[in-house]
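Trainee: So that you have it, the file is start.cif, and it contains mmCIF, C-alpha atoms:
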```
data_entry
#
loop_
_atom_site.label_atom_id
_atom_site.label_comp_id
_atom_site.auth_asym_id
_atom_site.auth_seq_id
_atom_site.Cartn_x
_atom_site.Cartn_y
_atom_site.Cartn_z
CA MET A 257 43.82 71.42 169.84
CA ARG A 258 45.53 70.03 166.73
CA ASP A 259 44.44 70.68 163.16
CA ALA A 260 43.05 67.98 160.88
CA TYR A 261 46.41 67.46 159.19
CA HIS A 262 48.22 66.66 162.43
CA GLU A 263 45.30 64.54 163.60
CA ASP A 264 45.78 62.50 160.40
CA LEU A 265 49.48 62.11 161.20
CA ASP A 266 48.60 61.00 164.74
CA SER A 267 46.09 58.46 163.48
CA LEU A 268 48.82 57.10 161.19
CA THR A 269 50.92 56.45 164.29
CA ASP A 270 47.92 54.92 166.09
CA LYS A 271 47.35 52.51 163.21
CA LEU A 272 51.00 51.45 163.18
CA VAL A 273 50.88 50.82 166.93
CA GLU A 274 47.69 48.81 166.41
CA MET A 275 49.53 46.77 163.74
CA THR A 276 52.27 45.97 166.27
CA ARG A 277 49.55 44.76 168.68
CA LEU A 278 47.98 42.53 166.04
CA VAL A 279 51.24 40.92 164.92
CA ARG A 280 52.33 40.49 168.54
CA SER A 281 49.11 38.59 169.26
CA ALA A 282 49.63 36.61 166.04
CA ILE A 283 53.14 35.37 166.90
CA SER A 284 52.07 34.69 170.49
CA ARG A 285 49.13 32.52 169.36
CA ALA A 286 51.25 30.89 166.63
CA THR A 287 53.88 29.85 169.18
CA THR A 288 51.26 28.33 171.49
CA ALA A 289 49.54 26.63 168.54
CA LEU A 290 52.90 25.15 167.57
CA LEU A 291 53.89 23.96 171.07
CA ASP A 292 50.42 22.63 172.01
CA ALA A 293 49.50 21.38 168.51
CA ASP A 294 46.36 23.52 168.90
CA LEU A 295 44.58 23.48 165.53
CA GLN A 296 41.90 26.01 166.45
CA LEU A 297 44.50 28.53 167.61
CA ALA A 298 46.54 27.96 164.44
CA GLU A 299 43.43 28.56 162.31
CA SER A 300 42.74 31.80 164.21
CA VAL A 301 46.22 33.12 163.37
CA ILE A 302 45.78 32.19 159.71
CA SER A 303 42.30 33.67 159.31
CA ARG A 304 43.01 36.84 161.28
CA ASP A 305 46.10 37.86 159.25
CA GLU A 306 43.50 39.53 157.01
CA GLU A 307 43.03 42.19 159.75
CA VAL A 308 46.72 43.06 159.57
CA ASN A 309 46.61 43.38 155.78
CA ARG A 310 43.45 45.50 155.91
CA LEU A 311 45.01 47.84 158.46
CA PHE A 312 48.09 48.22 156.26
CA SER A 313 45.89 49.06 153.26
CA GLU A 314 44.23 51.77 155.38
CA ILE A 315 47.68 53.12 156.25
CA GLU A 316 48.72 53.15 152.59
CA ALA A 317 45.48 54.94 151.66
CA SER A 318 45.93 57.65 154.30
CA ILE A 319 49.55 58.12 153.23
CA PHE A 320 48.52 58.74 149.62
CA ASP A 321 45.77 61.01 150.85
CA LEU A 322 48.13 63.02 153.08
CA MET A 323 50.70 63.28 150.29
CA ALA A 324 48.15 64.45 147.74
CA ARG A 325 46.32 66.95 149.98
CA GLN A 326 49.25 68.35 151.94
CA GLN A 327 52.83 69.18 151.13
CA PRO A 328 54.50 67.50 154.09
CA VAL A 329 58.10 68.55 154.67
CA ALA A 330 60.92 67.77 157.07
CA VAL A 331 59.87 65.54 159.97
CA ASP A 332 56.27 65.16 158.71
CA LEU A 333 57.57 63.90 155.36
CA ARG A 334 59.92 61.51 157.15
CA MET A 335 57.00 60.41 159.33
CA ILE A 336 54.87 59.58 156.29
CA ILE A 337 57.62 57.81 154.35
CA THR A 338 58.79 55.80 157.36
CA SER A 339 55.18 54.87 158.15
CA LEU A 340 55.02 53.19 154.76
CA ARG A 341 58.23 51.28 155.51
CA MET A 342 57.12 50.32 159.01
CA GLY A 343 53.74 49.18 157.72
CA THR A 344 55.46 47.00 155.12
CA ASP A 345 57.62 45.38 157.81
CA LEU A 346 54.67 44.84 160.16
CA GLU A 347 52.54 43.31 157.42
CA ARG A 348 55.40 40.89 156.71
CA MET A 349 55.61 40.01 160.41
CA GLY A 350 51.94 39.03 160.25
CA ASP A 351 52.72 36.75 157.28
CA LEU A 352 55.58 35.12 159.19
CA ALA A 353 53.38 34.43 162.22
CA GLU A 354 50.89 32.89 159.77
CA HIS A 355 53.66 30.68 158.29
CA VAL A 356 54.45 29.37 161.79
CA ALA A 357 50.74 28.66 162.37
CA LYS A 358 50.51 26.82 159.02
CA ILE A 359 53.24 24.38 160.07
CA ALA A 360 51.32 23.74 163.32
CA ARG A 361 48.19 23.09 161.21
CA LEU A 362 50.08 20.89 158.73
CA ARG A 363 51.38 18.55 161.48
CA HIS A 364 48.23 18.50 163.63
CA PRO A 365 47.25 16.32 165.51
CA ASP A 366 50.97 15.66 165.89
CA SER A 367 53.30 18.37 167.15
CA ALA A 368 55.96 19.71 164.77
CA ILE A 369 58.19 20.28 167.79
CA PRO A 370 60.13 17.41 169.40
CA PRO A 371 60.79 17.80 173.16
CA GLU A 372 64.48 18.63 172.53
CA VAL A 373 63.65 21.94 170.87
CA ARG A 374 60.51 22.99 172.77
CA SER A 375 62.33 25.33 175.14
CA ALA A 376 64.23 27.02 172.29
CA ILE A 377 61.03 27.60 170.30
CA LEU A 378 59.22 28.86 173.40
CA GLU A 379 62.06 31.31 174.06
CA MET A 380 62.16 32.46 170.42
CA GLY A 381 58.45 33.16 170.67
CA GLN A 382 58.93 35.18 173.84
CA ILE A 383 61.81 37.18 172.34
CA ALA A 384 59.72 37.86 169.24
CA GLU A 385 56.90 39.16 171.46
CA ASN A 386 59.25 41.33 173.50
CA LEU A 387 60.83 42.80 170.37
CA VAL A 388 57.52 43.75 168.76
CA THR A 389 56.14 45.10 172.04
CA LYS A 390 59.21 47.30 172.43
CA ALA A 391 59.08 48.33 168.77
CA GLY A 392 55.42 49.27 169.22
CA SER A 393 56.11 51.49 172.23
CA CYS A 394 59.02 53.10 170.32
CA VAL A 395 56.62 53.93 167.47
CA ALA A 396 54.18 55.42 170.02
CA THR A 397 56.70 57.36 172.10
CA ARG A 398 59.50 57.92 169.52
CA ASP A 399 61.96 56.90 172.22
CA VAL A 400 65.27 56.71 170.31
CA ASP A 401 67.28 55.19 173.17
CA SER A 402 65.03 52.18 173.56
CA ALA A 403 64.71 51.90 169.75
CA LEU A 404 68.51 51.62 169.59
CA GLU A 405 68.38 48.75 172.10
CA LEU A 406 66.45 46.43 169.80
CA GLU A 407 69.54 45.62 167.75
CA GLN A 408 71.15 44.08 170.86
CA ASP A 409 67.90 42.49 172.02
CA ASP A 410 67.80 40.69 168.67
CA ASP A 411 71.16 39.01 169.38
CA ALA A 412 69.35 36.63 171.76
CA MET A 413 67.18 35.52 168.83
CA ASP A 414 70.24 34.85 166.67
CA ARG A 415 71.85 32.83 169.49
CA LEU A 416 68.72 30.69 169.85
CA HIS A 417 68.55 30.27 166.09
CA ARG A 418 72.11 28.87 166.07
CA LYS A 419 71.27 26.66 169.07
CA LEU A 420 68.31 25.27 167.14
CA PHE A 421 70.58 24.24 164.25
CA LYS A 422 73.06 22.65 166.68
CA THR A 423 70.25 20.51 168.07
CA ILE A 424 68.92 19.24 164.75
CA LEU A 425 72.47 18.64 163.45
CA HIS A 426 73.58 16.78 166.58
CA LYS A 427 74.37 13.08 166.17
CA ASP A 428 71.70 12.29 168.77
CA TRP A 429 68.95 13.81 166.59
CA LYS A 430 66.60 10.86 166.14
CA TYR A 431 63.65 12.43 164.32
CA GLY A 432 65.02 12.38 160.80
CA VAL A 433 64.66 14.87 157.99
CA GLU A 434 61.01 16.02 158.09
CA PRO A 435 60.99 17.56 161.59
CA ALA A 436 64.43 19.01 160.84
CA ILE A 437 62.96 20.79 157.80
CA ASP A 438 59.98 22.07 159.83
CA ILE A 439 62.30 23.39 162.53
CA THR A 440 64.63 24.96 159.95
CA LEU A 441 61.70 26.88 158.47
CA ILE A 442 60.19 27.75 161.86
CA GLY A 443 63.56 29.06 163.06
CA ARG A 444 63.88 31.12 159.91
CA TYR A 445 60.37 32.61 160.42
CA TYR A 446 61.10 33.70 163.99
CA GLU A 447 64.47 35.15 162.99
CA ARG A 448 62.92 37.13 160.12
CA TYR A 449 60.07 38.30 162.37
CA ALA A 450 62.67 39.66 164.80
CA ASP A 451 64.66 41.31 161.98
CA HIS A 452 61.55 43.17 160.81
CA ALA A 453 60.88 44.36 164.39
CA VAL A 454 64.43 45.73 164.48
CA ARG A 455 63.83 47.49 161.16
CA VAL A 456 60.75 49.17 162.60
CA ALA A 457 62.82 50.41 165.54
CA ARG A 458 65.56 51.64 163.17
CA ASP A 459 62.90 53.60 161.30
CA VAL A 460 61.86 55.25 164.56
CA VAL A 461 65.48 56.36 165.03
CA TYR A 462 65.53 57.67 161.46
CA LEU A 463 62.20 59.41 161.94
CA VAL A 464 63.41 61.29 165.01
CA THR A 465 67.07 61.92 164.17
CA GLY A 466 66.94 62.05 160.36
CA SER A 467 69.74 59.51 160.06
CA ARG A 468 69.85 55.73 160.29
CA PRO A 469 71.68 53.98 163.12
CA ALA A 470 75.09 52.65 162.00
CA MET B 10 63.05 68.39 126.21
CA ARG B 11 61.83 67.51 129.71
CA ASP B 12 62.17 69.71 132.78
CA ALA B 13 64.45 68.89 135.70
CA TYR B 14 61.57 67.45 137.74
CA HIS B 15 60.64 64.89 135.11
CA GLU B 16 64.28 64.11 134.47
CA ASP B 17 64.53 63.27 138.19
CA LEU B 18 61.53 60.96 137.87
CA ASP B 19 63.12 59.30 134.84
CA SER B 20 66.41 58.80 136.65
CA LEU B 21 64.45 57.16 139.48
CA THR B 22 63.16 54.61 136.96
CA ASP B 23 66.66 54.16 135.52
CA LYS B 24 68.05 53.42 138.98
CA LEU B 25 65.32 50.85 139.67
CA VAL B 26 66.05 49.14 136.34
CA GLU B 27 69.75 49.15 137.23
CA MET B 28 68.84 47.50 140.57
CA THR B 29 67.02 44.73 138.70
CA ARG B 30 70.19 44.20 136.60
CA LEU B 31 72.40 43.98 139.68
CA VAL B 32 70.16 41.52 141.55
CA ARG B 33 69.71 39.46 138.37
CA SER B 34 73.48 39.15 138.05
CA ALA B 35 73.69 38.36 141.77
CA ILE B 36 71.24 35.43 141.68
CA SER B 37 72.81 34.17 138.44
CA ARG B 38 76.31 34.12 139.96
CA ALA B 39 74.97 32.72 143.25
CA THR B 40 73.35 29.79 141.41
CA THR B 41 76.55 29.01 139.52
CA ALA B 42 78.62 29.37 142.71
CA LEU B 43 76.26 26.92 144.39
CA LEU B 44 76.24 24.33 141.58
CA ASP B 45 79.98 24.54 140.84
CA ALA B 46 81.10 25.09 144.47
CA ASP B 47 82.90 28.18 143.13
CA LEU B 48 84.20 30.09 146.16
CA GLN B 49 85.46 33.11 144.23
CA LEU B 50 82.11 33.58 142.54
CA ALA B 51 80.30 33.20 145.88
CA GLU B 52 82.58 35.86 147.40
CA SER B 53 81.85 38.21 144.50
CA VAL B 54 78.09 37.95 145.15
CA ILE B 55 78.60 38.61 148.87
CA SER B 56 80.94 41.57 148.45
CA ARG B 57 79.00 43.19 145.62
CA ASP B 58 75.65 43.27 147.45
CA GLU B 59 76.96 46.59 148.77
CA GLU B 60 76.37 48.08 145.29
CA VAL B 61 72.69 47.15 145.48
CA ASN B 62 72.33 48.72 148.92
CA ARG B 63 74.13 51.88 147.83
CA LEU B 64 71.89 52.24 144.79
CA PHE B 65 68.80 51.84 146.99
CA SER B 66 70.10 54.55 149.35
CA GLU B 67 70.47 56.83 146.32
CA ILE B 68 66.88 56.06 145.34
CA GLU B 69 65.64 56.81 148.86
CA ALA B 70 67.58 60.08 148.87
CA SER B 71 66.15 61.23 145.53
CA ILE B 72 62.65 60.28 146.68
CA PHE B 73 62.95 62.48 149.77
CA ASP B 74 64.44 65.22 147.64
CA LEU B 75 61.62 65.02 145.08
CA MET B 76 58.98 64.96 147.82
CA ALA B 77 60.47 67.94 149.62
CA ARG B 78 61.11 70.11 146.55
CA GLN B 79 58.04 69.25 144.46
CA GLN B 80 54.43 68.52 145.28
CA PRO B 81 54.00 65.39 143.19
CA VAL B 82 50.39 64.38 142.58
CA ALA B 83 48.47 61.60 140.84
CA VAL B 84 50.69 59.33 138.76
CA ASP B 85 53.92 61.12 139.76
CA LEU B 86 53.07 60.58 143.43
CA ARG B 87 52.27 56.93 142.74
CA MET B 88 55.54 56.68 140.82
CA ILE B 89 57.54 58.00 143.77
CA ILE B 90 55.76 55.90 146.41
CA THR B 91 55.93 52.70 144.36
CA SER B 92 59.62 53.36 143.61
CA LEU B 93 60.25 53.19 147.34
CA ARG B 94 58.39 49.88 147.54
CA MET B 95 60.11 48.44 144.47
CA GLY B 96 63.50 49.50 145.78
CA THR B 97 62.77 47.78 149.10
CA ASP B 98 61.86 44.55 147.28
CA LEU B 99 64.91 44.71 145.00
CA GLU B 100 67.26 45.35 147.91
CA ARG B 101 65.82 42.27 149.61
CA MET B 102 66.36 40.22 146.43
CA GLY B 103 70.03 41.18 146.61
CA ASP B 104 70.15 39.93 150.22
CA LEU B 105 68.55 36.63 149.21
CA ALA B 106 71.07 36.09 146.40
CA GLU B 107 73.76 36.80 149.00
CA HIS B 108 72.25 34.17 151.34
CA VAL B 109 72.46 31.58 148.56
CA ALA B 110 76.10 32.52 147.95
CA LYS B 111 76.87 32.23 151.67
CA ILE B 112 75.69 28.61 151.73
CA ALA B 113 77.95 27.91 148.73
CA ARG B 114 80.84 29.51 150.65
CA LEU B 115 79.98 27.65 153.87
CA ARG B 116 80.17 24.23 152.18
CA HIS B 117 83.14 24.93 149.91
CA PRO B 118 85.18 22.96 148.78
CA ASP B 119 82.22 20.57 148.94
CA SER B 120 79.03 21.29 147.08
CA ALA B 121 75.87 21.96 149.10
CA ILE B 122 73.90 20.39 146.25
CA PRO B 123 73.65 16.59 145.85
CA PRO B 124 73.21 15.36 142.23
CA GLU B 125 69.52 14.53 142.86
CA VAL B 126 68.57 18.19 143.26
CA ARG B 127 71.02 19.88 140.86
CA SER B 128 68.52 20.19 138.03
CA ALA B 129 65.81 21.62 140.29
CA ILE B 130 68.19 24.25 141.71
CA LEU B 131 69.47 25.09 138.22
CA GLU B 132 65.89 25.57 137.04
CA MET B 133 64.95 27.67 140.09
CA GLY B 134 67.92 29.90 139.31
CA GLN B 135 66.81 30.28 135.70
CA ILE B 136 63.22 31.08 136.68
CA ALA B 137 64.50 33.65 139.21
CA GLU B 138 66.57 35.28 136.45
CA ASN B 139 63.65 35.29 134.01
CA LEU B 140 61.31 36.80 136.61
CA VAL B 141 63.65 39.65 137.53
CA THR B 142 64.51 40.31 133.87
CA LYS B 143 60.82 40.56 133.05
CA ALA B 144 60.14 42.69 136.13
CA GLY B 145 62.95 45.01 135.07
CA SER B 146 61.56 45.51 131.59
CA CYS B 147 58.10 46.11 133.09
CA VAL B 148 59.58 48.86 135.28
CA ALA B 149 61.25 50.36 132.21
CA THR B 150 58.30 50.09 129.79
CA ARG B 151 55.36 50.11 132.26
CA ASP B 152 53.90 47.22 130.30
CA VAL B 153 50.91 46.16 132.43
CA ASP B 154 50.09 43.03 130.42
CA SER B 155 53.51 41.50 130.86
CA ALA B 156 53.59 42.67 134.49
CA LEU B 157 50.37 40.72 135.07
CA GLU B 158 52.03 37.59 133.63
CA LEU B 159 54.62 37.36 136.40
CA GLU B 160 52.10 35.93 138.85
CA GLN B 161 51.67 32.89 136.58
CA ASP B 162 55.38 32.72 135.75
CA ASP B 163 56.00 32.39 139.48
CA ASP B 164 53.88 29.21 139.64
CA ALA B 165 56.77 27.32 138.05
CA MET B 166 58.97 28.37 140.99
CA ASP B 167 56.40 27.11 143.50
CA ARG B 168 56.17 23.77 141.65
CA LEU B 169 59.95 23.36 141.76
CA HIS B 170 59.97 24.34 145.42
CA ARG B 171 57.48 21.55 146.20
CA LYS B 172 59.50 19.13 144.04
CA LEU B 173 62.60 20.00 146.07
CA PHE B 174 60.83 19.04 149.31
CA LYS B 175 59.59 15.79 147.76
CA THR B 176 63.18 14.87 146.92
CA ILE B 177 64.66 15.55 150.36
CA LEU B 178 61.70 13.83 152.07
CA HIS B 179 61.85 10.75 149.83
CA LYS B 180 62.84 7.47 151.50
CA ASP B 181 65.79 7.21 149.08
CA TRP B 182 67.31 10.47 150.41
CA LYS B 183 70.71 9.27 151.62
CA TYR B 184 72.43 12.54 152.56
CA GLY B 185 70.95 13.03 156.01
CA VAL B 186 69.87 16.18 157.80
CA GLU B 187 72.56 18.78 157.03
CA PRO B 188 72.17 18.89 153.23
CA ALA B 189 68.39 18.74 153.73
CA ILE B 190 68.61 21.89 155.86
CA ASP B 191 70.81 23.65 153.29
CA ILE B 192 68.38 22.77 150.51
CA THR B 193 65.37 23.83 152.61
CA LEU B 194 66.93 27.26 153.12
CA ILE B 195 68.15 27.56 149.52
CA GLY B 196 64.69 26.66 148.23
CA ARG B 197 63.17 29.25 150.54
CA TYR B 198 65.61 31.94 149.29
CA TYR B 199 64.76 31.31 145.62
CA GLU B 200 61.04 31.26 146.37
CA ARG B 201 61.23 34.55 148.28
CA TYR B 202 63.40 36.09 145.54
CA ALA B 203 60.68 35.20 143.02
CA ASP B 204 57.90 36.57 145.29
CA HIS B 205 59.68 39.92 145.51
CA ALA B 206 60.03 40.03 141.71
CA VAL B 207 56.27 39.46 141.46
CA ARG B 208 55.69 42.30 143.94
CA VAL B 209 57.76 44.63 141.78
CA ALA B 210 55.60 43.70 138.79
CA ARG B 211 52.41 44.24 140.83
CA ASP B 212 53.68 47.70 141.73
CA VAL B 213 54.11 48.45 138.01
CA VAL B 214 50.44 47.53 137.52
CA TYR B 215 49.48 49.76 140.44
CA LEU B 216 51.65 52.58 139.15
CA VAL B 217 49.97 52.53 135.73
CA THR B 218 46.37 51.62 136.63
CA GLY B 219 46.10 53.06 140.15
CA SER B 220 44.80 49.76 141.52
CA ARG B 221 46.50 46.53 142.55
CA PRO B 222 45.95 43.29 140.63
CA ALA B 223 43.45 41.00 142.41
#
```
Is it possible to express this structure as structure tokens?
Mentor:
Amino acid sequence: MRDAYHEDLDSLTDKLVEMTRLVRSAISRATTALLDADLQLAESVISRDEEVNRLFSEIEASIFDLMARQQPVAVDLRMIITSLRMGTDLERMGDLAEHVAKIARLRHPDSAIPPEVRSAILEMGQIAENLVTKAGSCVATRDVDSALELEQDDDAMDRLHRKLFKTILHKDWKYGVEPAIDITLIGRYYERYADHAVRVARDVVYLVTGSRPA
Amino acid sequence: MRDAYHEDLDSLTDKLVEMTRLVRSAISRATTALLDADLQLAESVISRDEEVNRLFSEIEASIFDLMARQQPVAVDLRMIITSLRMGTDLERMGDLAEHVAKIARLRHPDSAIPPEVRSAILEMGQIAENLVTKAGSCVATRDVDSALELEQDDDAMDRLHRKLFKTILHKDWKYGVEPAIDITLIGRYYERYADHAVRVARDVVYLVTGSRPA
């Protein structure tokens, strides 16, 4: 059986994995709230971001505690430092899901999403979920190979992001400036969410190998 | 005279202050590049972001080195941990200045900024510069009172950000969707830049007092 110190390190990992679950659920509900103009669901994303922030504060506290009580070295030190970085990224992902939900709330009872961009937004939401799910299992298993894949997986998000701009800039765009602004911001939120998931995966690679992927 | 350990801690602070100088110069040049459609200046912001990233890598390296060689406790430990957080925020501020410069480059030889929003963008640039300058001196002096002021200083940025949206959503807006998208993104970049400067200041408060401002 493991000593208290290593149990603390394990629980740090567990909390990070739990954060990935919370922000996955957040972006999933935010996407549905956006596409269905579901106010209640949007409100749930906004109110429950507090859980993500609280969990991150717990992670920060245990990191300080571990640092002060132990003298972690080598991989344990990397584990603790990268946990702080991962937690920061995951907390931000929660904020971004909340931003998406706030646009859904702002436009309710209308939908912020014209039919022409529904499929792109739906797909961006699914890619965001897949990326954070994969990042979460990389944090849990420290699987470097699948962590390295996230960079490529994220390309699909960038393609959709460009497609989104093409649609709102097309001469047939008939919804004017306001929906274009909403969609510009929404697209930006999903893209940033995905970037942070990739950063988490890169930190897993760093944690295991001691060097960052090129 | 101070021992090597405390000299290392001091040089950590010096590097963070240098980062604030670099990202201040970056947002200043990016704003001018944007308002004057100055391609050369835009390119200089984009190419020189590398310096910011390199400096942050140095900071990360010295943090690992300090952690591994010493057993920092109390305020030293807080100093090292918050340096990592501040460096992360400052690196991001460099990216955001680069994003602004990239829009200037994308629209060159045209300007991305119609006359109606020039003054707002100019002011957002100035507020961004003031915030990062103040944050930098807080990092150098650990002045908690002035660090606490940044939260209020940032309100001016949020007001301008809302004003920007009012302008592009006004019925008299005659430039269509594309400039509205540019300005939406530009406004977002300045607002995020300012938020990160506020986070740096909050970390100074935490570093000195051991607790985060409410």
Trainee: With 6 Å as the threshold, what does the neighbourhood of (51.0, 47.7, 145.0) contain in terms of residues, counting all atoms listed in the file? Coordinates are those of the file; answer as a ChimeraX atom specification.
Mentor: /B:211-212,215,221
Trainee: Go through chain B and flag each residue having an atom no more than 6 Å from chain A; for those, report the closest pair of atoms plus their distance in Å to one decimal, using all atoms listed in the file, ordered by chain and rising number, as CSV.
Mentor:
```
residue,atom,partner,partner_atom,distance
B:Ala77,CA,A:Val329,CA,5.6
B:Val82,CA,A:Ala324,CA,5.6
B:Val186,CA,A:Val433,CA,5.4
```
Trainee: Specify as a PDB file with C-alpha atoms, keeping the file's coordinate frame each residue included when the PyMOL selection byres ((chain B and resi 105-119) around 8) is applied to this file.
Mentor:
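File written: part.pdb
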```pdb
ATOM      1  CA  VAL B  32      70.160  41.520 141.550  1.00  0.00           C
ATOM      2  CA  ALA B  35      73.690  38.360 141.770  1.00  0.00           C
ATOM      3  CA  ILE B  36      71.240  35.430 141.680  1.00  0.00           C
ATOM      4  CA  ALA B  39      74.970  32.720 143.250  1.00  0.00           C
ATOM      5  CA  THR B  40      73.350  29.790 141.410  1.00  0.00           C
ATOM      6  CA  ALA B  42      78.620  29.370 142.710  1.00  0.00           C
ATOM      7  CA  LEU B  43      76.260  26.920 144.390  1.00  0.00           C
ATOM      8  CA  ALA B  46      81.100  25.090 144.470  1.00  0.00           C
ATOM      9  CA  ASP B  47      82.900  28.180 143.130  1.00  0.00           C
ATOM     10  CA  LEU B  48      84.200  30.090 146.160  1.00  0.00           C
ATOM     11  CA  ALA B  51      80.300  33.200 145.880  1.00  0.00           C
ATOM     12  CA  GLU B  52      82.580  35.860 147.400  1.00  0.00           C
ATOM     13  CA  VAL B  54      78.090  37.950 145.150  1.00  0.00           C
ATOM     14  CA  ILE B  55      78.600  38.610 148.870  1.00  0.00           C
ATOM     15  CA  ASP B  58      75.650  43.270 147.450  1.00  0.00           C
ATOM     16  CA  ARG B 101      65.820  42.270 149.610  1.00  0.00           C
ATOM     17  CA  MET B 102      66.360  40.220 146.430  1.00  0.00           C
ATOM     18  CA  GLY B 103      70.030  41.180 146.610  1.00  0.00           C
ATOM     19  CA  ASP B 104      70.150  39.930 150.220  1.00  0.00           C
ATOM     20  CA  SER B 120      79.030  21.290 147.080  1.00  0.00           C
ATOM     21  CA  ALA B 121      75.870  21.960 149.100  1.00  0.00           C
ATOM     22  CA  ASP B 191      70.810  23.650 153.290  1.00  0.00           C
ATOM     23  CA  ILE B 195      68.150  27.560 149.520  1.00  0.00           C
ATOM     24  CA  TYR B 198      65.610  31.940 149.290  1.00  0.00           C
ATOM     25  CA  TYR B 199      64.760  31.310 145.620  1.00  0.00           C
ATOM     26  CA  ARG B 201      61.230  34.550 148.280  1.00  0.00           C
ATOM     27  CA  TYR B 202      63.400  36.090 145.540  1.00  0.00           C
TER      28      TYR B 202
END
```
Trainee: Excluding same-chain residues fewer than 2 positions from Glu67 in chain B, what lies within 12 Å of it counting only C-alpha atoms, as a list of chain:residue names?
Mentor: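 So the residues in contact are B:Asp17, B:Ser20, B:Leu21, B:Asp23, B:Lys24, B:Leu25, B:Glu27, B:Met28, B:Glu60, B:Val61, B:Asn62, B:Arg63, B:Leu64, B:Phe65, B:Glu69, B:Ala70, B:Ser71, B:Ile72, B:Phe73, B:Asp74, B:Ser92, B:Leu93, B:Gly96.
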Trainee: Which residues, written as a PyMOL selection string, have at least one atom at most 8 Å from Glu447 in chain A, with only C-alpha atoms counted and residues fewer than 3 positions away on the same chain left out?
Mentor: chain A and resi 413-414+417+443-444+450-451
Trainee: So what does the PyMOL selection byres ((chain B and resi 158) around 10) actually pick up in this one, as a PyMOL selection string?
Mentor: chain B and resi 140+143-144+153-157+159-163+207+210-211
Trainee: Can you write just those residues out, C-alpha atoms, as an mmCIF file, in the frame of the given file?
Mentor:
```cif
data_model
loop_
_atom_site.group_PDB
_atom_site.id
_atom_site.type_symbol
_atom_site.label_atom_id
_atom_site.label_comp_id
_atom_site.auth_asym_id
_atom_site.auth_seq_id
_atom_site.Cartn_x
_atom_site.Cartn_y
_atom_site.Cartn_z
ATOM 1 C CA LEU B 140 61.310 36.800 136.610
ATOM 2 C CA LYS B 143 60.820 40.560 133.050
ATOM 3 C CA ALA B 144 60.140 42.690 136.130
ATOM 4 C CA VAL B 153 50.910 46.160 132.430
ATOM 5 C CA ASP B 154 50.090 43.030 130.420
ATOM 6 C CA SER B 155 53.510 41.500 130.860
ATOM 7 C CA ALA B 156 53.590 42.670 134.490
ATOM 8 C CA LEU B 157 50.370 40.720 135.070
ATOM 9 C CA LEU B 159 54.620 37.360 136.400
ATOM 10 C CA GLU B 160 52.100 35.930 138.850
ATOM 11 C CA GLN B 161 51.670 32.890 136.580
ATOM 12 C CA ASP B 162 55.380 32.720 135.750
ATOM 13 C CA ASP B 163 56.000 32.390 139.480
ATOM 14 C CA VAL B 207 56.270 39.460 141.460
ATOM 15 C CA ALA B 210 55.600 43.700 138.790
ATOM 16 C CA ARG B 211 52.410 44.240 140.830
#
```
Trainee: Suppose you want the space between CA of Ser467 in chain A and CA of Leu346 in chain A; what is it in Å?
Mentor: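 If I compute the distance from CA of Ser467 in chain A to CA of Leu346 in chain A, I get 21.0 Å.
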Trainee: Using all atoms listed in the file, which residue out of A:Val464, A:Arg304, A:Val331, A:Ser284 lies closest to Gly381 in chain A?
Mentor: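 Closest candidate: A:Ser284.
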Trainee: Report the distance between CA of Ile136 in chain B and CA of Val209 in chain B in Å, rounded to one decimal place.
Mentor: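 Calculated distance between CA of Ile136 in chain B and CA of Val209 in chain B is 15.5 Å.
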Trainee: Because the input lacks atoms here, generate N, CA, C and O atoms for range 157-163 of chain B and report them as a PDB file, in the frame of the given file.
Mentor:
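See result.pdb below for the written result:
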```pdb
ATOM      1  N   LEU B 157      51.402  41.622 134.529  1.00  0.00           N
ATOM      2  CA  LEU B 157      50.370  40.720 135.070  1.00  0.00           C
ATOM      3  C   LEU B 157      50.749  39.254 134.870  1.00  0.00           C
ATOM      4  O   LEU B 157      50.263  38.376 135.581  1.00  0.00           O
ATOM      5  N   GLU B 158      51.641  38.983 133.902  1.00  0.00           N
ATOM      6  CA  GLU B 158      52.030  37.590 133.630  1.00  0.00           C
ATOM      7  C   GLU B 158      52.917  37.015 134.736  1.00  0.00           C
ATOM      8  O   GLU B 158      52.947  35.797 134.929  1.00  0.00           O
ATOM      9  N   LEU B 159      53.633  37.882 135.450  1.00  0.00           N
ATOM     10  CA  LEU B 159      54.620  37.360 136.400  1.00  0.00           C
ATOM     11  C   LEU B 159      54.009  36.442 137.459  1.00  0.00           C
ATOM     12  O   LEU B 159      54.645  35.482 137.896  1.00  0.00           O
ATOM     13  N   GLU B 160      52.775  36.758 137.852  1.00  0.00           N
ATOM     14  CA  GLU B 160      52.100  35.930 138.850  1.00  0.00           C
ATOM     15  C   GLU B 160      52.076  34.466 138.390  1.00  0.00           C
ATOM     16  O   GLU B 160      52.424  33.562 139.152  1.00  0.00           O
ATOM     17  N   GLN B 161      51.710  34.257 137.120  1.00  0.00           N
ATOM     18  CA  GLN B 161      51.670  32.890 136.580  1.00  0.00           C
ATOM     19  C   GLN B 161      53.085  32.335 136.423  1.00  0.00           C
ATOM     20  O   GLN B 161      53.343  31.177 136.751  1.00  0.00           O
ATOM     21  N   ASP B 162      53.992  33.181 135.922  1.00  0.00           N
ATOM     22  CA  ASP B 162      55.380  32.720 135.750  1.00  0.00           C
ATOM     23  C   ASP B 162      55.928  32.161 137.061  1.00  0.00           C
ATOM     24  O   ASP B 162      56.714  31.215 137.081  1.00  0.00           O
ATOM     25  N   ASP B 163      55.494  32.775 138.164  1.00  0.00           N
ATOM     26  CA  ASP B 163      56.000  32.390 139.480  1.00  0.00           C
ATOM     27  C   ASP B 163      55.509  30.997 139.897  1.00  0.00           C
ATOM     28  O   ASP B 163      56.130  30.334 140.733  1.00  0.00           O
TER      29      ASP B 163
END
```
